[in-house]
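Trainee: One structure, pasted below without further comment.
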Amino acid sequence: MSVLHPVIAEVTERLRERSRGSRADYLRRIDAAQGSGVHRERLSCGNLAHGFAACGATDKERLREGHTPNLAIINAYNDMLSAHQPYERYPELIREVARAAGITAQMAGGVPAMCDGITQGRAGMELSLFSRDLIAMATAVSLSHDMFDGALYLGICDKIVPGLLIGALSFGHLPGIFVPSGPMPSGISNEQKSKVRQAYAEGKATKAELLEAEAASYHAAGTCTFYGTANSNQMLMEIMGLHLPGSSFVAPDTPLRDALTREAVLRVAELSAPGSSHLPLGHIIDERAIVNGVIGLHATGGSTNHLLHLVAIARAAGIELRWDDFDALSSVIPLLARVYPNGYADVNQFHEAGGMGFLIDQLLEHGLLHRDVRTVFGTGMDGYAQVPYLDGDGQLVWKPVSKESGNRGVLRGAIEPFRADGGLRMLTGNLGRAVIKVSSVPDDRLVIEAPAIVFHDQDDVRKAFERGELNRDFVAVVRFQGPQAIGMPELHKLTPTLSVLQDRGHRIALLTDGRMSGASGRVPAAIHVTPEAQDNGAIARIRDGDMVRLDAVHGRLDVLVDPAEFVARVPATADLSAHQFGMGRELFGLFRRNATTADLGAGVF
């Protein structure tokens, strides 16, 4: 058995020491909430009667007796999100499985689920990040009736899974399993789609041609197939032990997918207090699980959004994860997967090449993952180096994953990685702290030194491009995009424009206190700049023409201005009133006013 890499051991121990007090407080709270026995037995007769009034006779009798597990279903279903549309039939499937097993399951509540792909570049995107914390609160409301012994969390996309998990951790005394729905079938290649987007940005493709390409890419029920935040979420839930092994990328509405969902129901019942293998979710998510999540992010070139979400998730479990931990782990975790935007393949090709089972097996074999963790499968991480399938009788079984990648252009072993590090790095300097994803940035673009052009709105970048003002080397400084300013929207709308300019040979970069999401690509982008402009961060002192140096090799982010002059400058301000109303933004003022900094998760808890 391989020995854990010393850097991973050191990071984990530092994390454990740093979190000792807050983690102990958290565990005391959830253990006190657990108490003993089924909570329904402590409800008044009126409370309990309300809780089962609408149930059928069989469920009502079981709930009345109160001795068998009752499972909460927290569902992020809506039929506008392709990834979440398959969840429409899950509650009834789950209830049927529960009844057949002699237990009960109830829809405890629904949580909002918005699509960043639909709101990109629109006012609604300014609600997106804060929807994570709203989902956490909705999850808590759904579980607040004290009727449940375990929970099944149905969610896929960007802020939804982190929000569900933060909410679940506030009820960490309950066991829980996250139940995925799987990716849509592959459409046109991501490279084809990207080319049409860039052609449209240059005026070389019509809107009809662009829509045709987009519709051929996003064309069916299931998760979008590129490796953005939604699919990074699925990877995280599996490598942190909250999915059943191999379940993340099984296609929707297939016999294997349904079998995995049925097994999740039975498994969470076993993990419940009346079950045979009691294990609260708050005890699964410990320092080792969090570190495993960071490792998975590096090994797959995952979404930069998780430098916010994983920090917030860890805080919800009393664990003080820092960007420095990501940076330290990045230096020793090799990149084993190339999935668009970091390669040509999509998640279906990743799954077919060996997927999560192969990835986890390789990390374990080389001492690059905590093996001795608690998981919903009950086996530690060894059980996740397997793939599920249906045997000749249609029964769900698991078998060890192949030791060979099915496609070395997509997935490789740890001794022949695509690159020696994970490609997510921290930047520090006189502009504060930021993060950058370099896994698909060309080597000759890892250091950019160029004059700044300052913008306060991403649409102004596009307008400057259309006026022909950006045909040169520059660093686009897009500020007043942070959580306290306008809710930290993703700026993925900039990608086609900046990609066109880079392809023309210009040396360019993006510097912003906003986000660029899991779709961060070939253009170097220093994102999540902290402190943000609205918080009088140094980014607010940059002026047009200032030389900015982004050095991803040495982890530096600096403005090359006389220090005394720079500090003496009065920070710029911006009129953000237009961003505070419309599309529900007036309802989120409380979030903007109370948001933490990006390096603390950009949340309100």
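Naming scheme: A, B, ... for chains in displayed order of the structure tokens; residues 1 onward per chain; ligands 1 onward as shown.
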Which neighbours of Gly409 (chain A) fall inside 12 Å, counting only C-alpha atoms, when residues of the same chain fewer than 5 positions from it are skipped, and could you give them as a compact mmCIF listing (two decimals) with C-alpha atoms, in the first residue's frame?
Mentor:
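Here's the written file result-v6.txt:
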```
# COMPACT_ATOMS: atom_id res chain seq x y z
CA LEU A 336 -4.52 13.40 -15.20
CA ALA A 337 -7.51 14.49 -17.29
CA ARG A 338 -7.96 16.67 -20.36
CA VAL A 339 -11.63 17.60 -20.70
CA TYR A 340 -12.88 20.71 -22.49
CA ASN A 342 -8.68 21.96 -21.06
CA GLY A 343 -8.78 19.51 -23.97
CA TYR A 344 -10.92 18.28 -26.85
CA ALA A 345 -12.95 15.66 -24.95
CA ASP A 346 -16.21 15.94 -23.06
CA GLN A 349 -15.41 10.54 -23.25
CA PHE A 350 -13.77 10.97 -19.85
CA ALA A 353 -11.91 6.24 -20.76
CA GLU A 416 2.55 9.98 -17.41
CA PRO A 417 0.39 13.03 -16.56
CA PHE A 418 -0.58 15.78 -18.95
```
Trainee: Would you pick out the contacts of region 152-155 of chain A at 9 Å or less, using only C-alpha atoms, so that residues sharing its chain but fewer than 5 positions from it are not included, and give the list as a list in words?
Mentor: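 Counting only the stated atoms, we get Leu71, Ala72, Ile73, Ile74, Asn75, Ala76, Tyr77, Ala83, His84, Tyr87, Tyr90, Ala113, Ile160, Val161, Leu164, Leu165, Ala168, Pro175, Gly176, Ile177, Phe178, Val179, Pro180, Ser181, Ala264, Val265 and Val268 of chain A.
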Trainee: Using only C-alpha atoms, which of the listed residues (A:Asp372, A:Ala220, A:Asp444, A:Leu359) sits closest to Asp79 (chain A)?
Mentor: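 Smallest separation from Asp79 (chain A) among the options: A:Ala220.
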Trainee: In terms of the shortest atom-to-atom distance over only C-alpha atoms, which of A:Gly432, A:Pro496, A:Pro563, A:Gly505 is closest to Ala540 (chain A)?
Mentor: A:Gly432
Trainee: Could you tell me, as a VMD selection string, which residues of region 80-240 of chain A DSSP assigns to strand (DSSP E or B) when given the backbone?
Mentor: chain A and resid 104 to 110 150 to 154 176 to 178 183 223
Trainee: Might you pull out every residue within 7 Å of Asp551 (chain A), with only C-alpha atoms counted and same-chain residues fewer than 6 positions away left off, and present them as number ranges by chain?
Mentor: A: 446-448, 557
Trainee: Using only C-alpha atoms, find the one residue out of A:Leu431, A:Ile94, A:Leu281, A:Val570 that sits nearest to Asp558 (chain A).
Mentor: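 When distances to Asp558 (chain A) are compared using only C-alpha atoms, the smallest one comes from A:Leu431.
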Trainee: Looking only at alpha helix (DSSP H) from DSSP on the backbone, list the matching residues of region 194-248 of chain A as JSON, numbers by chain.
Mentor: {"A": [194, 195, 196, 197, 198, 199, 200, 201, 207, 208, 209, 210, 211, 212, 213, 214, 215, 216, 217, 229, 230, 231, 232, 233, 234, 235, 236, 237, 238, 239]}
Trainee: May I have the selected residues written with N, CA and C atoms, as a tab-separated table (two decimals), in the first residue's frame?
Mentor:
```
chain	number	residue	atom	x	y	z
A	194	SER	N	-16.78	26.35	-30.05
A	194	SER	CA	-15.91	27.48	-29.73
A	194	SER	C	-15.55	28.27	-30.99
A	195	LYS	N	-15.29	27.57	-32.09
A	195	LYS	CA	-14.94	28.25	-33.34
A	195	LYS	C	-16.09	29.12	-33.84
A	196	VAL	N	-17.31	28.62	-33.73
A	196	VAL	CA	-18.46	29.42	-34.17
A	196	VAL	C	-18.64	30.63	-33.26
A	197	ARG	N	-18.42	30.45	-31.96
A	197	ARG	CA	-18.53	31.59	-31.04
A	197	ARG	C	-17.52	32.68	-31.40
A	198	GLN	N	-16.29	32.27	-31.69
A	198	GLN	CA	-15.27	33.26	-32.04
A	198	GLN	C	-15.59	33.90	-33.38
A	199	ALA	N	-16.08	33.12	-34.34
A	199	ALA	CA	-16.45	33.68	-35.64
A	199	ALA	C	-17.57	34.71	-35.48
A	200	TYR	N	-18.51	34.42	-34.61
A	200	TYR	CA	-19.60	35.37	-34.37
A	200	TYR	C	-19.07	36.65	-33.74
A	201	ALA	N	-18.12	36.51	-32.79
A	201	ALA	CA	-17.54	37.69	-32.14
A	201	ALA	C	-16.83	38.58	-33.16
A	207	LYS	N	-26.13	35.21	-36.37
A	207	LYS	CA	-26.76	34.76	-35.13
A	207	LYS	C	-27.45	33.42	-35.32
A	208	ALA	N	-28.03	33.21	-36.51
A	208	ALA	CA	-28.68	31.93	-36.79
A	208	ALA	C	-27.67	30.79	-36.77
A	209	GLU	N	-26.47	31.04	-37.32
A	209	GLU	CA	-25.43	30.01	-37.31
A	209	GLU	C	-24.93	29.74	-35.89
A	210	LEU	N	-24.83	30.80	-35.11
A	210	LEU	CA	-24.42	30.63	-33.71
A	210	LEU	C	-25.45	29.83	-32.93
A	211	LEU	N	-26.73	30.17	-33.11
A	211	LEU	CA	-27.78	29.45	-32.39
A	211	LEU	C	-27.82	27.98	-32.81
A	212	GLU	N	-27.59	27.72	-34.08
A	212	GLU	CA	-27.59	26.34	-34.56
A	212	GLU	C	-26.47	25.54	-33.88
A	213	ALA	N	-25.30	26.16	-33.74
A	213	ALA	CA	-24.19	25.48	-33.09
A	213	ALA	C	-24.47	25.25	-31.61
A	214	GLU	N	-25.01	26.27	-30.94
A	214	GLU	CA	-25.30	26.13	-29.51
A	214	GLU	C	-26.37	25.06	-29.28
A	215	ALA	N	-27.39	25.03	-30.14
A	215	ALA	CA	-28.47	24.05	-29.99
A	215	ALA	C	-27.99	22.64	-30.30
A	216	ALA	N	-26.98	22.51	-31.14
A	216	ALA	CA	-26.41	21.19	-31.41
A	216	ALA	C	-25.51	20.72	-30.28
A	217	SER	N	-25.08	21.65	-29.46
A	217	SER	CA	-24.25	21.30	-28.30
A	217	SER	C	-25.11	21.00	-27.09
A	229	THR	N	-18.36	23.96	-13.91
A	229	THR	CA	-18.62	23.81	-12.48
A	229	THR	C	-19.59	22.66	-12.20
A	230	ALA	N	-20.59	22.47	-13.06
A	230	ALA	CA	-21.57	21.41	-12.81
A	230	ALA	C	-20.90	20.04	-12.74
A	231	ASN	N	-20.08	19.73	-13.73
A	231	ASN	CA	-19.41	18.43	-13.72
A	231	ASN	C	-18.28	18.37	-12.70
A	232	SER	N	-17.66	19.51	-12.39
A	232	SER	CA	-16.70	19.54	-11.28
A	232	SER	C	-17.41	19.19	-9.97
A	233	ASN	N	-18.66	19.66	-9.81
A	233	ASN	CA	-19.45	19.30	-8.63
A	233	ASN	C	-19.59	17.79	-8.50
A	234	GLN	N	-19.87	17.14	-9.61
A	234	GLN	CA	-20.09	15.69	-9.57
A	234	GLN	C	-18.80	14.96	-9.20
A	235	MET	N	-17.70	15.41	-9.79
A	235	MET	CA	-16.40	14.84	-9.41
A	235	MET	C	-16.16	14.99	-7.91
A	236	LEU	N	-16.44	16.19	-7.38
A	236	LEU	CA	-16.20	16.45	-5.96
A	236	LEU	C	-17.04	15.55	-5.06
A	237	MET	N	-18.32	15.41	-5.38
A	237	MET	CA	-19.18	14.59	-4.54
A	237	MET	C	-18.71	13.14	-4.52
A	238	GLU	N	-18.15	12.67	-5.62
A	238	GLU	CA	-17.66	11.29	-5.65
A	238	GLU	C	-16.34	11.16	-4.90
A	239	ILE	N	-15.40	12.05	-5.15
A	239	ILE	CA	-14.08	11.91	-4.52
A	239	ILE	C	-14.11	12.30	-3.04
```
Trainee: List the neighbours of Glu263 (chain A) out to 12 Å using only C-alpha atoms; skip same-chain residues closer than 2 positions along the sequence, and give me the result as a ChimeraX atom specification.
Mentor: /A:93-94,97-98,101,152,177-179,243-245,247,256-261,265-270,376-377,388,395-397
Trainee: Save out the residues we just selected, N, CA and C atoms, as a PDB file, in the first residue's frame.
Mentor:
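Saved as part_8.pdb:
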```pdb
ATOM      1  N   LEU A  93     -39.885   7.521  -7.772  1.00  0.00           N
ATOM      2  CA  LEU A  93     -39.010   6.364  -7.784  1.00  0.00           C
ATOM      3  C   LEU A  93     -38.461   6.098  -6.385  1.00  0.00           C
ATOM      4  N   ILE A  94     -38.008   7.151  -5.715  1.00  0.00           N
ATOM      5  CA  ILE A  94     -37.440   7.016  -4.375  1.00  0.00           C
ATOM      6  C   ILE A  94     -38.497   6.527  -3.385  1.00  0.00           C
ATOM      7  N   VAL A  97     -39.124   2.771  -3.905  1.00  0.00           N
ATOM      8  CA  VAL A  97     -38.042   1.944  -3.361  1.00  0.00           C
ATOM      9  C   VAL A  97     -38.142   1.905  -1.839  1.00  0.00           C
ATOM     10  N   ALA A  98     -38.423   3.039  -1.236  1.00  0.00           N
ATOM     11  CA  ALA A  98     -38.528   3.098   0.221  1.00  0.00           C
ATOM     12  C   ALA A  98     -39.668   2.216   0.724  1.00  0.00           C
ATOM     13  N   ALA A 101     -38.870  -1.348   0.725  1.00  0.00           N
ATOM     14  CA  ALA A 101     -37.874  -1.699   1.743  1.00  0.00           C
ATOM     15  C   ALA A 101     -38.426  -1.574   3.155  1.00  0.00           C
ATOM     16  N   LEU A 152     -31.722  12.528   0.926  1.00  0.00           N
ATOM     17  CA  LEU A 152     -31.207  12.357  -0.424  1.00  0.00           C
ATOM     18  C   LEU A 152     -31.226  13.730  -1.087  1.00  0.00           C
ATOM     19  N   ILE A 177     -26.922  11.316   1.179  1.00  0.00           N
ATOM     20  CA  ILE A 177     -26.260  10.910  -0.062  1.00  0.00           C
ATOM     21  C   ILE A 177     -26.679  11.883  -1.152  1.00  0.00           C
ATOM     22  N   PHE A 178     -25.724  12.275  -1.982  1.00  0.00           N
ATOM     23  CA  PHE A 178     -26.027  13.111  -3.142  1.00  0.00           C
ATOM     24  C   PHE A 178     -26.296  12.204  -4.337  1.00  0.00           C
ATOM     25  N   VAL A 179     -27.384  12.500  -5.029  1.00  0.00           N
ATOM     26  CA  VAL A 179     -27.865  11.622  -6.097  1.00  0.00           C
ATOM     27  C   VAL A 179     -27.774  12.369  -7.422  1.00  0.00           C
ATOM     28  N   HIS A 243     -21.179  10.457  -3.145  1.00  0.00           N
ATOM     29  CA  HIS A 243     -21.870   9.708  -4.191  1.00  0.00           C
ATOM     30  C   HIS A 243     -21.587   8.224  -3.996  1.00  0.00           C
ATOM     31  N   LEU A 244     -22.390   7.401  -4.603  1.00  0.00           N
ATOM     32  CA  LEU A 244     -22.008   6.001  -4.760  1.00  0.00           C
ATOM     33  C   LEU A 244     -20.892   5.917  -5.800  1.00  0.00           C
ATOM     34  N   PRO A 245     -19.980   4.958  -5.674  1.00  0.00           N
ATOM     35  CA  PRO A 245     -18.854   4.869  -6.614  1.00  0.00           C
ATOM     36  C   PRO A 245     -19.313   4.766  -8.064  1.00  0.00           C
ATOM     37  N   SER A 247     -20.909   6.756  -9.973  1.00  0.00           N
ATOM     38  CA  SER A 247     -22.252   7.196 -10.349  1.00  0.00           C
ATOM     39  C   SER A 247     -22.300   8.578 -10.981  1.00  0.00           C
ATOM     40  N   LEU A 256     -29.019   1.505 -15.611  1.00  0.00           N
ATOM     41  CA  LEU A 256     -27.945   1.624 -14.629  1.00  0.00           C
ATOM     42  C   LEU A 256     -28.140   2.856 -13.759  1.00  0.00           C
ATOM     43  N   ARG A 257     -28.538   3.968 -14.374  1.00  0.00           N
ATOM     44  CA  ARG A 257     -28.786   5.175 -13.577  1.00  0.00           C
ATOM     45  C   ARG A 257     -29.882   4.924 -12.556  1.00  0.00           C
ATOM     46  N   ASP A 258     -30.980   4.308 -12.948  1.00  0.00           N
ATOM     47  CA  ASP A 258     -32.071   4.039 -12.010  1.00  0.00           C
ATOM     48  C   ASP A 258     -31.628   3.078 -10.909  1.00  0.00           C
ATOM     49  N   ALA A 259     -30.806   2.089 -11.272  1.00  0.00           N
ATOM     50  CA  ALA A 259     -30.320   1.144 -10.263  1.00  0.00           C
ATOM     51  C   ALA A 259     -29.462   1.856  -9.226  1.00  0.00           C
ATOM     52  N   LEU A 260     -28.639   2.797  -9.658  1.00  0.00           N
ATOM     53  CA  LEU A 260     -27.810   3.559  -8.720  1.00  0.00           C
ATOM     54  C   LEU A 260     -28.662   4.428  -7.809  1.00  0.00           C
ATOM     55  N   THR A 261     -29.727   4.999  -8.349  1.00  0.00           N
ATOM     56  CA  THR A 261     -30.632   5.803  -7.523  1.00  0.00           C
ATOM     57  C   THR A 261     -31.332   4.931  -6.487  1.00  0.00           C
ATOM     58  N   VAL A 265     -31.032   5.054  -2.117  1.00  0.00           N
ATOM     59  CA  VAL A 265     -32.126   5.063  -1.134  1.00  0.00           C
ATOM     60  C   VAL A 265     -31.850   4.027  -0.046  1.00  0.00           C
ATOM     61  N   LEU A 266     -31.513   2.825  -0.450  1.00  0.00           N
ATOM     62  CA  LEU A 266     -31.274   1.759   0.515  1.00  0.00           C
ATOM     63  C   LEU A 266     -30.048   2.056   1.372  1.00  0.00           C
ATOM     64  N   ARG A 267     -29.041   2.664   0.735  1.00  0.00           N
ATOM     65  CA  ARG A 267     -27.811   2.930   1.476  1.00  0.00           C
ATOM     66  C   ARG A 267     -28.004   4.007   2.528  1.00  0.00           C
ATOM     67  N   VAL A 268     -28.707   5.077   2.203  1.00  0.00           N
ATOM     68  CA  VAL A 268     -28.890   6.137   3.198  1.00  0.00           C
ATOM     69  C   VAL A 268     -29.764   5.640   4.344  1.00  0.00           C
ATOM     70  N   ALA A 269     -30.659   4.699   4.070  1.00  0.00           N
ATOM     71  CA  ALA A 269     -31.442   4.100   5.158  1.00  0.00           C
ATOM     72  C   ALA A 269     -30.535   3.325   6.108  1.00  0.00           C
ATOM     73  N   GLU A 270     -29.540   2.625   5.557  1.00  0.00           N
ATOM     74  CA  GLU A 270     -28.584   1.901   6.405  1.00  0.00           C
ATOM     75  C   GLU A 270     -27.744   2.860   7.245  1.00  0.00           C
ATOM     76  N   VAL A 376     -20.070   7.273   2.053  1.00  0.00           N
ATOM     77  CA  VAL A 376     -21.420   6.694   2.106  1.00  0.00           C
ATOM     78  C   VAL A 376     -21.426   5.241   1.652  1.00  0.00           C
ATOM     79  N   PHE A 377     -20.378   4.816   0.950  1.00  0.00           N
ATOM     80  CA  PHE A 377     -20.287   3.435   0.490  1.00  0.00           C
ATOM     81  C   PHE A 377     -19.728   2.520   1.572  1.00  0.00           C
ATOM     82  N   PRO A 388     -19.569   0.647 -11.579  1.00  0.00           N
ATOM     83  CA  PRO A 388     -20.821  -0.092 -11.423  1.00  0.00           C
ATOM     84  C   PRO A 388     -21.298  -0.660 -12.761  1.00  0.00           C
ATOM     85  N   GLN A 395     -28.895  -7.066 -11.633  1.00  0.00           N
ATOM     86  CA  GLN A 395     -28.540  -6.587 -10.301  1.00  0.00           C
ATOM     87  C   GLN A 395     -27.328  -5.662 -10.378  1.00  0.00           C
ATOM     88  N   LEU A 396     -27.346  -4.638  -9.543  1.00  0.00           N
ATOM     89  CA  LEU A 396     -26.250  -3.672  -9.495  1.00  0.00           C
ATOM     90  C   LEU A 396     -25.062  -4.276  -8.758  1.00  0.00           C
ATOM     91  N   VAL A 397     -23.913  -4.290  -9.411  1.00  0.00           N
ATOM     92  CA  VAL A 397     -22.676  -4.772  -8.799  1.00  0.00           C
ATOM     93  C   VAL A 397     -21.542  -3.837  -9.206  1.00  0.00           C
TER      94      VAL A 397
END
```
Trainee: Give me the residues near region 599-605 of chain A as a ChimeraX atom specification, where near means some atom within 7 Å (using only C-alpha atoms) and where sequence neighbours in that chain fewer than 2 positions away do not count.
Mentor: /A:133,308-309,311-312,323,483,591,594-597
Trainee: Just to be explicit: take each residue in the selection above, keep N, CA and C atoms, and write the result as a PDB file, in the first residue's frame.
Mentor:
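See part17.pdb below for the written result:
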```
ATOM      1  N   ASP A 133     -26.027  30.442  -1.280  1.00  0.00           N
ATOM      2  CA  ASP A 133     -26.376  30.575   0.127  1.00  0.00           C
ATOM      3  C   ASP A 133     -27.881  30.539   0.330  1.00  0.00           C
ATOM      4  N   LEU A 308     -13.950  29.234  -4.369  1.00  0.00           N
ATOM      5  CA  LEU A 308     -14.945  29.866  -3.504  1.00  0.00           C
ATOM      6  C   LEU A 308     -15.767  28.804  -2.781  1.00  0.00           C
ATOM      7  N   HIS A 309     -16.303  27.850  -3.551  1.00  0.00           N
ATOM      8  CA  HIS A 309     -17.284  26.918  -2.991  1.00  0.00           C
ATOM      9  C   HIS A 309     -16.677  25.960  -1.973  1.00  0.00           C
ATOM     10  N   VAL A 311     -14.107  26.436  -0.099  1.00  0.00           N
ATOM     11  CA  VAL A 311     -13.819  27.210   1.115  1.00  0.00           C
ATOM     12  C   VAL A 311     -15.095  27.371   1.936  1.00  0.00           C
ATOM     13  N   ALA A 312     -16.208  27.710   1.263  1.00  0.00           N
ATOM     14  CA  ALA A 312     -17.475  27.898   1.968  1.00  0.00           C
ATOM     15  C   ALA A 312     -17.998  26.587   2.542  1.00  0.00           C
ATOM     16  N   TRP A 323      -6.788  29.474   0.442  1.00  0.00           N
ATOM     17  CA  TRP A 323      -6.221  29.386  -0.904  1.00  0.00           C
ATOM     18  C   TRP A 323      -4.793  28.868  -0.863  1.00  0.00           C
ATOM     19  N   PRO A 483     -18.215  40.389  -4.961  1.00  0.00           N
ATOM     20  CA  PRO A 483     -19.459  40.054  -4.251  1.00  0.00           C
ATOM     21  C   PRO A 483     -20.121  41.258  -3.598  1.00  0.00           C
ATOM     22  N   PHE A 591     -27.417  40.395   0.894  1.00  0.00           N
ATOM     23  CA  PHE A 591     -26.276  39.528   0.582  1.00  0.00           C
ATOM     24  C   PHE A 591     -25.066  40.372   0.208  1.00  0.00           C
ATOM     25  N   ASN A 594     -23.345  42.045   3.148  1.00  0.00           N
ATOM     26  CA  ASN A 594     -22.766  41.175   4.171  1.00  0.00           C
ATOM     27  C   ASN A 594     -21.836  40.107   3.622  1.00  0.00           C
ATOM     28  N   ALA A 595     -21.519  40.174   2.344  1.00  0.00           N
ATOM     29  CA  ALA A 595     -20.687  39.142   1.731  1.00  0.00           C
ATOM     30  C   ALA A 595     -19.270  39.180   2.284  1.00  0.00           C
ATOM     31  N   THR A 596     -18.715  38.005   2.528  1.00  0.00           N
ATOM     32  CA  THR A 596     -17.313  37.906   2.915  1.00  0.00           C
ATOM     33  C   THR A 596     -16.437  38.085   1.675  1.00  0.00           C
ATOM     34  N   THR A 597     -15.145  38.183   1.874  1.00  0.00           N
ATOM     35  CA  THR A 597     -14.223  38.289   0.762  1.00  0.00           C
ATOM     36  C   THR A 597     -14.156  36.971  -0.006  1.00  0.00           C
TER      37      THR A 597
END
```
Trainee: Give me, as a PDB file with N, CA and C atoms, in the first residue's frame, all polymer residues having an atom no more than 10 Å from Leu81 (chain A), counting only C-alpha atoms and skipping those fewer than 5 positions away in the same chain.
Mentor:
```pdb
ATOM      1  N   ALA A  76     -33.779  19.758  -6.441  1.00  0.00           N
ATOM      2  CA  ALA A  76     -33.533  20.989  -7.193  1.00  0.00           C
ATOM      3  C   ALA A  76     -34.121  20.886  -8.599  1.00  0.00           C
ATOM      4  N   PRO A  86     -34.204  15.513 -15.487  1.00  0.00           N
ATOM      5  CA  PRO A  86     -34.451  14.105 -15.137  1.00  0.00           C
ATOM      6  C   PRO A  86     -34.951  13.894 -13.713  1.00  0.00           C
ATOM      7  N   ALA A 113     -32.990  26.604  -8.476  1.00  0.00           N
ATOM      8  CA  ALA A 113     -31.884  26.133  -9.305  1.00  0.00           C
ATOM      9  C   ALA A 113     -31.851  26.984 -10.558  1.00  0.00           C
ATOM     10  N   MET A 114     -30.873  27.887 -10.620  1.00  0.00           N
ATOM     11  CA  MET A 114     -30.742  28.729 -11.801  1.00  0.00           C
ATOM     12  C   MET A 114     -29.598  28.237 -12.669  1.00  0.00           C
ATOM     13  N   CYS A 115     -29.646  28.592 -13.933  1.00  0.00           N
ATOM     14  CA  CYS A 115     -28.656  28.130 -14.901  1.00  0.00           C
ATOM     15  C   CYS A 115     -27.747  29.282 -15.303  1.00  0.00           C
ATOM     16  N   ASP A 116     -26.482  29.159 -14.981  1.00  0.00           N
ATOM     17  CA  ASP A 116     -25.524  30.182 -15.374  1.00  0.00           C
ATOM     18  C   ASP A 116     -25.386  30.263 -16.893  1.00  0.00           C
ATOM     19  N   GLY A 117     -25.625  29.157 -17.575  1.00  0.00           N
ATOM     20  CA  GLY A 117     -25.543  29.181 -19.029  1.00  0.00           C
ATOM     21  C   GLY A 117     -26.606  30.058 -19.652  1.00  0.00           C
ATOM     22  N   ILE A 118     -27.749  30.186 -18.984  1.00  0.00           N
ATOM     23  CA  ILE A 118     -28.828  31.028 -19.500  1.00  0.00           C
ATOM     24  C   ILE A 118     -28.629  32.481 -19.087  1.00  0.00           C
ATOM     25  N   ILE A 156     -27.262  19.135  -9.281  1.00  0.00           N
ATOM     26  CA  ILE A 156     -26.162  18.947 -10.223  1.00  0.00           C
ATOM     27  C   ILE A 156     -25.321  20.215 -10.374  1.00  0.00           C
ATOM     28  N   CYS A 157     -25.975  21.333 -10.691  1.00  0.00           N
ATOM     29  CA  CYS A 157     -25.275  22.442 -11.337  1.00  0.00           C
ATOM     30  C   CYS A 157     -24.570  23.381 -10.373  1.00  0.00           C
ATOM     31  N   ALA A 221     -31.763  16.257 -22.410  1.00  0.00           N
ATOM     32  CA  ALA A 221     -31.738  16.233 -20.946  1.00  0.00           C
ATOM     33  C   ALA A 221     -30.382  15.724 -20.462  1.00  0.00           C
ATOM     34  N   GLY A 222     -29.940  16.292 -19.349  1.00  0.00           N
ATOM     35  CA  GLY A 222     -28.664  15.905 -18.770  1.00  0.00           C
ATOM     36  C   GLY A 222     -27.741  17.097 -18.608  1.00  0.00           C
ATOM     37  N   THR A 223     -26.653  16.874 -17.901  1.00  0.00           N
ATOM     38  CA  THR A 223     -25.684  17.930 -17.650  1.00  0.00           C
ATOM     39  C   THR A 223     -24.973  18.323 -18.934  1.00  0.00           C
ATOM     40  N   CYS A 224     -24.659  19.617 -19.092  1.00  0.00           N
ATOM     41  CA  CYS A 224     -23.809  20.053 -20.194  1.00  0.00           C
ATOM     42  C   CYS A 224     -22.512  19.244 -20.141  1.00  0.00           C
TER      43      CYS A 224
END
```
Trainee: Which one is closest to Met184 (chain A): A:Leu498, A:Gly150, A:Pro112, A:Ser82? Count only C-alpha atoms.
Mentor: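 Among the listed residues, A:Ser82 lies closest to Met184 (chain A).
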Trainee: Rounded to one decimal place, report the CA of Ser439 (chain A)-CA of Ala299 (chain A) distance in Å.
Mentor: 10.3 Å
